[in-house]
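Have a look at the structure below, then the notes.
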Amino acid sequence: MNIYVRYFDHENVFKTAEEVVNFLVNINDFKMTSMLENEVLNYGSSNMPYPKRIKVRNNVYFILIKTTAEDLPEFKANRKNPEAAATQSESSRKEERMDQLREEKIGWYEVTVDFKRMLLIPGTQKCQYRDTRFSAYVYATSALDSYNKVIDHLKNRQDIDSRSQFPSEKRGNFTYKYIGGENPEA
């Protein structure tokens, strides 16, 4: 594992902790102490995969990061790609979830919705939100259609306050299971 080091504008990737120490010693405004040297050498020999920030003086630090990159350009290229990949994978997961919800499968769905129900506290005329679970079998054309039918049903009920908060169909507070074409209660 190689080590990336940065001290202000000075940065590079090295194969050993000793090379990092030599790099830091050759910086003009950096004063290497035996304590700093020991911290760098200990970080290099440890199994700790996390970055390390080492204090030089008040509000002045240098950073060490373990990496598989062989040189600085490769490190910088790898540093940008994981962020983009994470964003792409998160957006692709959201799209995948919406595609699953929209997939047309006519039949019965077992639907569960966890929502925040607004309730009046007797005698005080104050309100509070209470976590409430509602489950039902719904005949629908898709999971999204079953979600919409359940939410419409809950919003139109007399015993549920209009200030109640319902979850998004994309979140874990809405779950469904496709049962099939036959009525599960029959």
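As shown in the structure tokens, the chain order sets the letters A, B, ...; within each chain, residues go from 1, and ligands are also counted from 1 in the order they appear.
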(request) Give me the residues within 7 Å of range 168-184 of chain A as a ChimeraX atom specification, counting only C-alpha atoms and dropping any in the same chain fewer than 5 places off. (result) /A:97-98,107-114,143,147
(request) Mind checking which residues fall within 9 Å of range 27-39 of chain A, counting only C-alpha atoms, ignoring those fewer than 3 positions away in the same chain, and posting them as a list in words? (result)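 Residues near the query, excluding close chain neighbours: Tyr7, His10, Glu18, Val21, Phe23, Leu24, Asn42, Tyr43, Gly44, Ile54, Lys55 and Val56 of chain A.
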Can I get the selection written as a compact mmCIF listing (two decimals), in the first residue's frame, with N, CA and C atoms?
# COMPACT_ATOMS: atom_id res chain seq x y z
N TYR A 7 0.99 18.56 2.31
CA TYR A 7 1.27 19.63 3.26
C TYR A 7 1.17 20.92 2.46
N HIS A 10 2.37 21.16 -1.23
CA HIS A 10 3.30 20.07 -1.44
C HIS A 10 2.56 18.75 -1.27
N GLU A 18 9.24 5.90 5.10
CA GLU A 18 10.54 6.57 5.15
C GLU A 18 10.66 7.61 4.04
N VAL A 21 8.81 10.66 5.13
CA VAL A 21 9.61 11.45 6.08
C VAL A 21 10.64 12.28 5.33
N PHE A 23 10.53 13.33 2.27
CA PHE A 23 9.80 14.36 1.53
C PHE A 23 9.47 15.55 2.44
N LEU A 24 8.97 15.25 3.64
CA LEU A 24 8.59 16.31 4.56
C LEU A 24 9.81 17.08 5.07
N ASN A 42 4.71 4.98 12.20
CA ASN A 42 3.67 4.12 12.79
C ASN A 42 2.47 3.99 11.86
N TYR A 43 2.08 5.09 11.24
CA TYR A 43 0.96 5.05 10.30
C TYR A 43 1.30 4.14 9.12
N GLY A 44 2.53 4.26 8.62
CA GLY A 44 2.96 3.44 7.48
C GLY A 44 2.98 1.96 7.80
N ILE A 54 -2.13 14.88 10.84
CA ILE A 54 -1.13 15.03 11.92
C ILE A 54 -0.85 16.52 12.10
N LYS A 55 -0.95 16.95 13.37
CA LYS A 55 -0.77 18.36 13.70
C LYS A 55 0.71 18.71 13.75
N VAL A 56 1.07 19.78 13.02
CA VAL A 56 2.44 20.28 13.02
C VAL A 56 2.57 21.38 14.07
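The spacing separating CA of Lys66 in chain A from CA of Val20 in chain A amounts to 11.7 Å.
What separates CA of Asp145 in chain A from CA of Arg102 in chain A is a distance of 7.9 Å.
In this comparison, which uses only C-alpha atoms, the residue of A:Asn47, A:Thr68, A:Asn26, A:Asn59 approaching Val13 in chain A most closely is A:Thr68.
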